[in-house]
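Structure file structure_38.pdb (PDB, C-alpha atoms) follows.
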ATOM      1  CA  MET A   1     -29.448   3.762 -12.899
ATOM      2  CA  GLU A   2     -28.140   2.221  -9.699
ATOM      3  CA  ARG A   3     -24.980   3.825  -8.395
ATOM      4  CA  MET A   4     -22.307   1.357  -7.457
ATOM      5  CA  SER A   5     -20.488   1.341  -4.144
ATOM      6  CA  SER A   6     -16.739   1.913  -3.926
ATOM      7  CA  GLU A   7     -16.336  -1.726  -2.968
ATOM      8  CA  LYS A   8     -18.188  -2.929  -6.031
ATOM      9  CA  ILE A   9     -16.306  -0.661  -8.415
ATOM     10  CA  PHE A  10     -12.970  -1.750  -6.991
ATOM     11  CA  PHE A  11     -13.842  -5.439  -6.938
ATOM     12  CA  MET A  12     -15.240  -5.705 -10.454
ATOM     13  CA  TYR A  13     -11.954  -4.439 -11.846
ATOM     14  CA  ALA A  14      -9.734  -6.285  -9.368
ATOM     15  CA  PHE A  15     -11.332  -9.731  -9.605
ATOM     16  CA  PRO A  16      -9.441 -10.700 -12.810
ATOM     17  CA  CYS A  17      -6.225 -10.633 -10.763
ATOM     18  CA  SER A  18      -7.621 -13.316  -8.446
ATOM     19  CA  HIS A  19      -6.732 -16.058 -10.914
ATOM     20  CA  PHE A  20      -3.080 -15.087 -10.598
ATOM     21  CA  LEU A  21      -3.293 -14.878  -6.826
ATOM     22  CA  LEU A  22      -4.675 -18.412  -6.791
ATOM     23  CA  ALA A  23      -1.981 -19.695  -9.185
ATOM     24  CA  MET A  24       0.712 -18.232  -6.939
ATOM     25  CA  GLU A  25      -1.075 -19.536  -3.831
ATOM     26  CA  LYS A  26      -1.431 -16.047  -2.351
ATOM     27  CA  ILE A  27      -5.078 -17.000  -1.775
ATOM     28  CA  ASP A  28      -6.497 -20.476  -1.340
ATOM     29  CA  ARG A  29      -9.143 -22.243  -3.370
ATOM     30  CA  GLU A  30     -11.846 -21.402  -0.852
ATOM     31  CA  ASP A  31     -11.011 -17.690  -1.035
ATOM     32  CA  PHE A  32     -10.999 -17.794  -4.814
ATOM     33  CA  ASP A  33     -14.339 -19.621  -5.057
ATOM     34  CA  GLU A  34     -15.920 -17.022  -2.768
ATOM     35  CA  LEU A  35     -14.533 -14.170  -4.866
ATOM     36  CA  LYS A  36     -15.747 -15.854  -8.030
ATOM     37  CA  ARG A  37     -19.192 -16.379  -6.520
ATOM     38  CA  HIS A  38     -19.422 -12.658  -5.765
ATOM     39  CA  PHE A  39     -18.142 -11.625  -9.169
ATOM     40  CA  PHE A  40     -20.623 -13.775 -11.078
ATOM     41  CA  ALA A  41     -23.497 -12.716  -8.817
ATOM     42  CA  GLY A  42     -22.710  -9.031  -9.237
ATOM     43  CA  SER A  43     -22.091  -8.644  -5.525
ATOM     44  CA  CYS A  44     -18.823  -7.959  -3.728
ATOM     45  CA  PRO A  45     -16.961  -8.939  -0.559
ATOM     46  CA  SER A  46     -16.702  -6.639   2.439
ATOM     47  CA  ARG A  47     -14.200  -3.828   2.503
ATOM     48  CA  SER A  48     -11.945  -5.682   4.953
ATOM     49  CA  GLU A  49     -12.049  -8.842   2.840
ATOM     50  CA  ILE A  50     -11.170  -6.866  -0.258
ATOM     51  CA  GLU A  51      -8.201  -5.255   1.464
ATOM     52  CA  ARG A  52      -7.058  -8.634   2.767
ATOM     53  CA  VAL A  53      -7.050 -10.216  -0.689
ATOM     54  CA  PHE A  54      -5.625  -7.293  -2.668
ATOM     55  CA  PRO A  55      -3.075  -5.692  -0.334
ATOM     56  CA  ASN A  56      -0.674  -4.592  -3.045
ATOM     57  CA  ALA A  57      -3.387  -2.824  -5.020
ATOM     58  CA  PHE A  58      -4.244  -0.808  -1.941
ATOM     59  CA  LYS A  59      -0.651   0.328  -1.537
ATOM     60  CA  LEU A  60      -1.029   1.980  -4.927
ATOM     61  CA  ILE A  61      -4.550   3.264  -4.260
ATOM     62  CA  ARG A  62      -3.456   4.841  -0.961
ATOM     63  CA  LYS A  63      -0.614   6.533  -2.767
ATOM     64  CA  PHE A  64      -2.999   7.711  -5.474
ATOM     65  CA  ALA A  65      -5.474   9.014  -2.849
ATOM     66  CA  ASP A  66      -2.754  10.733  -0.824
ATOM     67  CA  GLU A  67      -1.657  12.654  -3.892
ATOM     68  CA  SER A  68      -4.997  14.492  -3.829
ATOM     69  CA  GLY A  69      -5.584  14.423  -0.077
ATOM     70  CA  ARG A  70      -8.607  12.165  -0.282
ATOM     71  CA  ASP A  71      -9.742   9.050   1.524
ATOM     72  CA  TYR A  72      -8.626   5.939  -0.321
ATOM     73  CA  TRP A  73     -12.101   4.397  -0.250
ATOM     74  CA  ASP A  74     -13.744   7.517  -1.644
ATOM     75  CA  GLU A  75     -15.884   6.465  -4.612
ATOM     76  CA  GLU A  76     -14.297   9.044  -6.916
ATOM     77  CA  VAL A  77     -10.819   7.901  -5.921
ATOM     78  CA  ILE A  78     -11.632   4.267  -6.723
ATOM     79  CA  ARG A  79     -13.243   5.289 -10.028
ATOM     80  CA  GLU A  80     -10.303   7.468 -10.988
ATOM     81  CA  TYR A  81      -7.849   4.777  -9.987
ATOM     82  CA  TRP A  82      -9.348   2.392 -12.522
ATOM     83  CA  GLU A  83      -9.947   5.181 -15.069
ATOM     84  CA  PHE A  84      -6.347   6.309 -15.250
ATOM     85  CA  GLY A  85      -4.433   5.959 -11.951
ATOM     86  CA  HIS A  86      -3.756   2.257 -12.401
ATOM     87  CA  ASN A  87      -2.572   2.701 -15.989
ATOM     88  CA  ASP A  88      -0.399   5.668 -14.996
ATOM     89  CA  PHE A  89       1.385   3.536 -12.398
ATOM     90  CA  ILE A  90       2.033   0.844 -14.972
ATOM     91  CA  ASP A  91       3.195   3.274 -17.649
ATOM     92  CA  GLY A  92       5.415   5.001 -15.113
ATOM     93  CA  GLY A  93       7.105   1.717 -14.256
ATOM     94  CA  GLU A  94       6.190   2.046 -10.586
ATOM     95  CA  GLY A  95       5.508  -0.699  -8.055
ATOM     96  CA  GLY A  96       7.421  -3.364  -9.949
ATOM     97  CA  TYR A  97       5.874  -2.674 -13.344
ATOM     98  CA  GLY A  98       9.241  -1.427 -14.523
ATOM     99  CA  ASP A  99      10.606  -4.942 -14.085
ATOM    100  CA  ALA A 100       7.792  -6.624 -15.981
ATOM    101  CA  PRO A 101       7.733  -7.373 -19.711
ATOM    102  CA  GLU A 102       5.506  -5.259 -21.939
ATOM    103  CA  SER A 103       3.204  -8.202 -22.655
ATOM    104  CA  PHE A 104       2.333  -8.395 -18.974
ATOM    105  CA  ASN A 105       1.897  -4.662 -18.522
ATOM    106  CA  ARG A 106      -0.387  -4.502 -21.536
ATOM    107  CA  ALA A 107      -2.631  -7.204 -20.116
ATOM    108  CA  CYS A 108      -2.594  -5.526 -16.700
ATOM    109  CA  ARG A 109      -3.679  -2.111 -17.954
ATOM    110  CA  VAL A 110      -7.351  -1.328 -18.129
ATOM    111  CA  ASN A 111      -7.601  -1.215 -21.911
ATOM    112  CA  VAL A 112     -10.440   0.426 -23.836
ATOM    113  CA  VAL A 113     -10.929  -1.804 -26.849
ATOM    114  CA  LYS A 114     -13.435  -2.645 -29.550
ATOM    115  CA  VAL A 115     -15.438  -5.863 -29.683
ATOM    116  CA  LYS A 116     -14.763  -7.774 -32.923
ATOM    117  CA  LYS A 117     -16.538 -11.073 -32.344
ATOM    118  CA  LYS A 118     -18.872 -12.599 -29.820
ATOM    119  CA  SER A 119     -19.676 -16.177 -28.916
ATOM    120  CA  GLY A 120     -21.657 -17.002 -25.791
ATOM    121  CA  ASP A 121     -19.918 -15.408 -22.811
ATOM    122  CA  LYS A 122     -16.689 -14.756 -24.679
ATOM    123  CA  ILE A 123     -15.755 -11.885 -26.933
ATOM    124  CA  VAL A 124     -12.773 -11.210 -29.129
ATOM    125  CA  VAL A 125     -11.430  -7.661 -28.882
ATOM    126  CA  ASP A 126      -8.815  -5.594 -30.662
ATOM    127  CA  PHE A 127      -5.639  -5.728 -28.614
ATOM    128  CA  TYR A 128      -2.447  -3.801 -29.432
ATOM    129  CA  GLY A 129      -2.560  -4.578 -33.119
ATOM    130  CA  GLY A 130      -3.753  -8.131 -32.584
ATOM    131  CA  GLU A 131      -6.741  -9.745 -30.932
ATOM    132  CA  LYS A 132      -7.565 -11.128 -27.526
ATOM    133  CA  GLU A 133     -10.352 -13.327 -26.249
ATOM    134  CA  VAL A 134     -11.901 -12.273 -22.950
ATOM    135  CA  SER A 135     -14.914 -13.155 -20.871
ATOM    136  CA  CYS A 136     -17.957 -10.866 -21.172
ATOM    137  CA  ILE A 137     -19.801 -12.581 -18.349
ATOM    138  CA  LEU A 138     -20.279  -9.207 -16.613
ATOM    139  CA  ILE A 139     -21.821  -7.543 -19.654
ATOM    140  CA  PRO A 140     -23.833 -10.190 -21.479
ATOM    141  CA  ASP A 141     -25.598  -7.649 -23.717
ATOM    142  CA  ILE A 142     -22.333  -6.427 -25.208
ATOM    143  CA  GLN A 143     -22.381  -6.301 -29.000
ATOM    144  CA  ILE A 144     -19.877  -6.389 -31.830
ATOM    145  CA  GLY A 145     -18.689  -2.853 -32.438
ATOM    146  CA  ASP A 146     -19.091  -1.789 -28.807
ATOM    147  CA  MET A 147     -16.184  -0.341 -26.850
ATOM    148  CA  VAL A 148     -15.330  -2.085 -23.590
ATOM    149  CA  LYS A 149     -12.876  -1.761 -20.751
ATOM    150  CA  VAL A 150     -10.810  -4.908 -20.359
ATOM    151  CA  HIS A 151      -8.586  -5.970 -17.480
ATOM    152  CA  PHE A 152      -6.607  -9.170 -18.000
ATOM    153  CA  ASN A 153      -9.072 -11.797 -19.239
ATOM    154  CA  TYR A 154     -12.346  -9.987 -18.551
ATOM    155  CA  ALA A 155     -14.422  -7.240 -20.096
ATOM    156  CA  ILE A 156     -15.612  -5.178 -17.152
ATOM    157  CA  GLU A 157     -17.697  -2.238 -18.352
ATOM    158  CA  LYS A 158     -19.090  -1.022 -21.612
ATOM    159  CA  VAL A 159     -18.045   2.447 -22.682
ATOM    160  CA  GLU A 160     -21.118   4.261 -23.878
ATOM    161  CA  ASN A 161     -21.107   7.783 -25.268
ATOM    162  CA  GLY A 162     -17.861   8.419 -23.417
ATOM    163  CA  LYS A 163     -19.337   7.299 -20.103
ATOM    164  CA  ASN A 164     -19.303   4.069 -18.117
ATOM    165  CA  SER A 165     -22.691   2.433 -18.553
ATOM    166  CA  LEU A 166     -22.993   0.959 -15.066
ATOM    167  CA  SER A 167     -22.150   4.004 -13.018
ATOM    168  CA  GLY A 168     -25.000   6.217 -14.065
ATOM    169  CA  GLU A 169     -22.568   9.113 -14.395
TER
ATOM    170  CA  MET B   1       1.686  -3.992  -8.172
ATOM    171  CA  CYS B   2      -0.442  -6.933  -7.160
ATOM    172  CA  LEU B   3       1.559  -9.492  -9.013
ATOM    173  CA  SER B   4       5.027 -10.218 -10.330
ATOM    174  CA  ILE B   5       5.368 -12.304 -13.460
ATOM    175  CA  PRO B   6       7.881 -15.157 -13.150
ATOM    176  CA  GLY B   7      10.700 -15.265 -15.695
ATOM    177  CA  LYS B   8      12.318 -18.498 -16.879
ATOM    178  CA  VAL B   9      16.103 -18.804 -16.672
ATOM    179  CA  ILE B  10      17.315 -19.792 -20.103
ATOM    180  CA  GLU B  11      20.953 -18.751 -20.043
ATOM    181  CA  MET B  12      23.528 -18.159 -17.349
ATOM    182  CA  GLY B  13      27.172 -17.230 -17.169
ATOM    183  CA  GLY B  14      29.045 -14.573 -19.070
ATOM    184  CA  GLY B  15      27.631 -11.115 -18.416
ATOM    185  CA  GLY B  16      24.358 -12.008 -16.808
ATOM    186  CA  ILE B  17      21.302 -14.183 -16.555
ATOM    187  CA  VAL B  18      18.867 -14.258 -19.436
ATOM    188  CA  LEU B  19      15.217 -14.615 -18.517
ATOM    189  CA  GLU B  20      12.425 -15.546 -20.858
ATOM    190  CA  TYR B  21       9.023 -13.905 -20.594
ATOM    191  CA  PRO B  22       6.036 -14.069 -22.932
ATOM    192  CA  GLY B  23       7.140 -12.174 -26.021
ATOM    193  CA  GLU B  24      10.366 -10.895 -24.556
ATOM    194  CA  PHE B  25      13.801 -11.718 -23.137
ATOM    195  CA  ARG B  26      15.487  -9.763 -20.365
ATOM    196  CA  GLU B  27      19.007  -9.869 -19.055
ATOM    197  CA  VAL B  28      19.658  -9.389 -15.370
ATOM    198  CA  GLU B  29      23.101  -9.003 -13.853
ATOM    199  CA  ILE B  30      22.457  -9.782 -10.226
ATOM    200  CA  SER B  31      20.648 -12.621  -8.516
ATOM    201  CA  LEU B  32      20.159 -12.884  -4.799
ATOM    202  CA  VAL B  33      19.321 -16.580  -5.096
ATOM    203  CA  ASP B  34      20.998 -19.623  -6.603
ATOM    204  CA  LEU B  35      19.446 -20.621  -9.881
ATOM    205  CA  GLU B  36      19.701 -23.249 -12.566
ATOM    206  CA  ILE B  37      18.601 -23.148 -16.166
ATOM    207  CA  GLY B  38      14.888 -23.906 -16.328
ATOM    208  CA  ASP B  39      14.145 -22.310 -12.948
ATOM    209  CA  TYR B  40      11.534 -19.594 -12.635
ATOM    210  CA  CYS B  41      12.237 -16.438 -10.673
ATOM    211  CA  LEU B  42      10.983 -12.959  -9.782
ATOM    212  CA  VAL B  43      12.753  -9.697 -10.489
ATOM    213  CA  SER B  44      12.430  -6.589  -8.347
ATOM    214  CA  GLY B  45      14.346  -3.380  -8.895
ATOM    215  CA  GLY B  46      16.322  -5.012 -11.693
ATOM    216  CA  VAL B  47      17.574  -7.811  -9.441
ATOM    217  CA  ILE B  48      16.441 -11.436  -9.193
ATOM    218  CA  VAL B  49      15.065 -11.665  -5.678
ATOM    219  CA  SER B  50      13.430 -15.060  -5.424
ATOM    220  CA  LYS B  51      12.883 -18.391  -7.071
ATOM    221  CA  VAL B  52       9.354 -19.488  -7.900
ATOM    222  CA  ASP B  53       8.044 -23.026  -7.724
ATOM    223  CA  LYS B  54       7.651 -24.298 -11.297
ATOM    224  CA  LYS B  55       4.038 -25.392 -10.843
ATOM    225  CA  LYS B  56       3.025 -21.963  -9.581
ATOM    226  CA  ALA B  57       4.955 -20.224 -12.331
ATOM    227  CA  LEU B  58       3.360 -22.304 -15.070
ATOM    228  CA  GLY B  59      -0.075 -21.734 -13.502
ATOM    229  CA  PHE B  60       0.540 -17.986 -13.566
ATOM    230  CA  LEU B  61       1.651 -18.022 -17.181
ATOM    231  CA  GLU B  62      -1.368 -20.099 -18.192
ATOM    232  CA  VAL B  63      -3.685 -17.522 -16.642
ATOM    233  CA  LEU B  64      -1.883 -14.751 -18.488
ATOM    234  CA  ASP B  65      -2.271 -16.672 -21.701
ATOM    235  CA  GLY B  66      -6.004 -16.964 -21.083
ATOM    236  CA  LYS B  67      -5.759 -20.737 -20.927
ATOM    237  CA  ASN B  68      -6.542 -21.243 -17.275
ATOM    238  CA  GLU B  69     -10.249 -21.668 -16.819
ATOM    239  CA  PHE B  70     -12.013 -21.738 -13.448
TER
END
Would it be possible to restate this file's structure as structure tokens?
Amino acid sequence: MERMSSEKIFFMYAFPCSHFLLAMEKIDREDFDELKRHFFAGSCPSRSEIERVFPNAFKLIRKFADESGRDYWDEEVIREYWEFGHNDFIDGGEGGYGDAPESFNRACRVNVVKVKKKSGDKIVVDFYGGEKEVSCILIPDIQIGDMVKVHFNYAIEKVENGKNSLSGE
Amino acid sequence: MCLSIPGKVIEMGGGGIVLEYPGEFREVEISLVDLEIGDYCLVSGGVIVSKVDKKKALGFLEVLDGKNEF
């Protein structure tokens, strides 16, 4: 299976935040449309573009990488960041997460959840005792009963036999 | 973090400022900006640090709610 680049791994998980960046006018419509085009096509922007759009994420990633003396664009670092580093920052109340309400932090975590329903490119997943509807545009072959990783309003990767299906690990 | 969620000012005076968030209320004692009831603002380090334009705040909250489509 094709191995994904660091840029692609980072971007597929980070794209869901772009909607908020657009709403808060941190990026303009043109930027957002370009990001969306990449996301839907399965491609990704350049490293410099990614860093320009998501500067605050990279503050955390650099910190995470420094903790283990690795380069912040190292593929393992980016993988681990989205596997547990990101959630650890949120749960630890770092970087402003301590000021945010639990509802926001829950949505911001990368949550591993079960698919309950599916309709077109939307799925309904278990979510903290309730349900949440998210887009499954990245994983169109997802099925009811599958486990997926969700970030904000998107399902990003299927969890298969304890591994991430797209990484080939 | 990448983003700060705006809180809505629903009560002022007395001990502090009460902010409304989805599913939760929070009370903050200090604000660095002047606010009125109905304003949206951002909190950092337990202190209100800035006011947010209402249109942007509502846009943000709509995204969070899953209502904002492309």
message: So that I can check the surroundings of Gly59 of chain B, please list as a list in words every protein, DNA and RNA residue that reaches within 12 Å of it, counting all atoms listed in the file and ignoring chain neighbours fewer than 5 positions away.
response: His19, Phe20, Leu21, Leu22, Ala23, Met24 and Glu25 of chain A; Ile5, Pro6, Tyr40, Val52, Asp53, Lys54, Leu64, Asp65, Gly66, Lys67, Asn68, Glu69 and Phe70 of chain B
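This file gives the following result for the ChimeraX specification (/B :<8) & /A: A:Cys17, A:His19, A:Phe20, A:Leu21, A:Ala23, A:Met24, A:Glu25, A:Phe54, A:Pro55, A:Asn56, A:Ala57, A:Leu60, A:Glu94, A:Gly95, A:Gly96, A:Tyr97, A:Gly98, A:Asp99, A:Ala100, A:Pro101, A:Glu102, A:Ser103, A:Phe104, A:Ala107, A:Glu133, A:Val134, A:Phe152, A:Asn153.
Picture a line from atom CA of Pro16 of chain A to atom CA of Val125 of chain A; it runs 16.5 Å.
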Using all atoms listed in the file, determine which residues lie at most 12 Å from segment 44-47 of chain A, disregarding the query and same-chain residues fewer than 6 positions distant; provide the list as an mmCIF file with C-alpha atoms, in the coordinates of the input.
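Saved the output as result21.cif:
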data_model
loop_
_atom_site.group_PDB
_atom_site.id
_atom_site.type_symbol
_atom_site.label_atom_id
_atom_site.label_comp_id
_atom_site.auth_asym_id
_atom_site.auth_seq_id
_atom_site.Cartn_x
_atom_site.Cartn_y
_atom_site.Cartn_z
ATOM 1 C CA MET A 4 -22.307 1.357 -7.457
ATOM 2 C CA SER A 5 -20.488 1.341 -4.144
ATOM 3 C CA SER A 6 -16.739 1.913 -3.926
ATOM 4 C CA GLU A 7 -16.336 -1.726 -2.968
ATOM 5 C CA LYS A 8 -18.188 -2.929 -6.031
ATOM 6 C CA ILE A 9 -16.306 -0.661 -8.415
ATOM 7 C CA PHE A 10 -12.970 -1.750 -6.991
ATOM 8 C CA PHE A 11 -13.842 -5.439 -6.938
ATOM 9 C CA MET A 12 -15.240 -5.705 -10.454
ATOM 10 C CA TYR A 13 -11.954 -4.439 -11.846
ATOM 11 C CA ALA A 14 -9.734 -6.285 -9.368
ATOM 12 C CA PHE A 15 -11.332 -9.731 -9.605
ATOM 13 C CA ASP A 31 -11.011 -17.690 -1.035
ATOM 14 C CA PHE A 32 -10.999 -17.794 -4.814
ATOM 15 C CA ASP A 33 -14.339 -19.621 -5.057
ATOM 16 C CA GLU A 34 -15.920 -17.022 -2.768
ATOM 17 C CA LEU A 35 -14.533 -14.170 -4.866
ATOM 18 C CA LYS A 36 -15.747 -15.854 -8.030
ATOM 19 C CA ARG A 37 -19.192 -16.379 -6.520
ATOM 20 C CA HIS A 38 -19.422 -12.658 -5.765
ATOM 21 C CA VAL A 53 -7.050 -10.216 -0.689
ATOM 22 C CA PHE A 54 -5.625 -7.293 -2.668
ATOM 23 C CA PRO A 55 -3.075 -5.692 -0.334
ATOM 24 C CA PHE A 58 -4.244 -0.808 -1.941
ATOM 25 C CA TYR A 72 -8.626 5.939 -0.321
ATOM 26 C CA TRP A 73 -12.101 4.397 -0.250
#
Enclose all atoms of segment 45-62 of chain A listed in the file in an axis-aligned box, grow every side by 4 Å, and hand back centre and edge lengths in Å to one decimal, as JSON.
{"center_x": -8.8, "center_y": -2.7, "center_z": 0.0, "size_x": 24.3, "size_y": 23.1, "size_z": 18.0}
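Between atom CA of Glu36 of chain B and atom CA of Gly14 of chain B lies a distance of 14.3 Å.
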field: Selection under test: the PyMOL selection byres ((chain B and resi 28) around 8); residues as a ChimeraX atom specification
entry: /B:16-19,26-27,29-31,46-48
- prompt: Which distance in Å separates atom CA of Lys8 of chain B and atom CA of Cys41 of chain B, to one decimal?
  reply: 6.5 Å
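Residues with any atom within 8 Å of segment 140-145 of chain A, counting all atoms listed in the file and excluding same-chain neighbours fewer than 6 positions away, are Lys114, Val115, Lys116, Lys117, Lys118, Asp121 and Lys158 of chain A.
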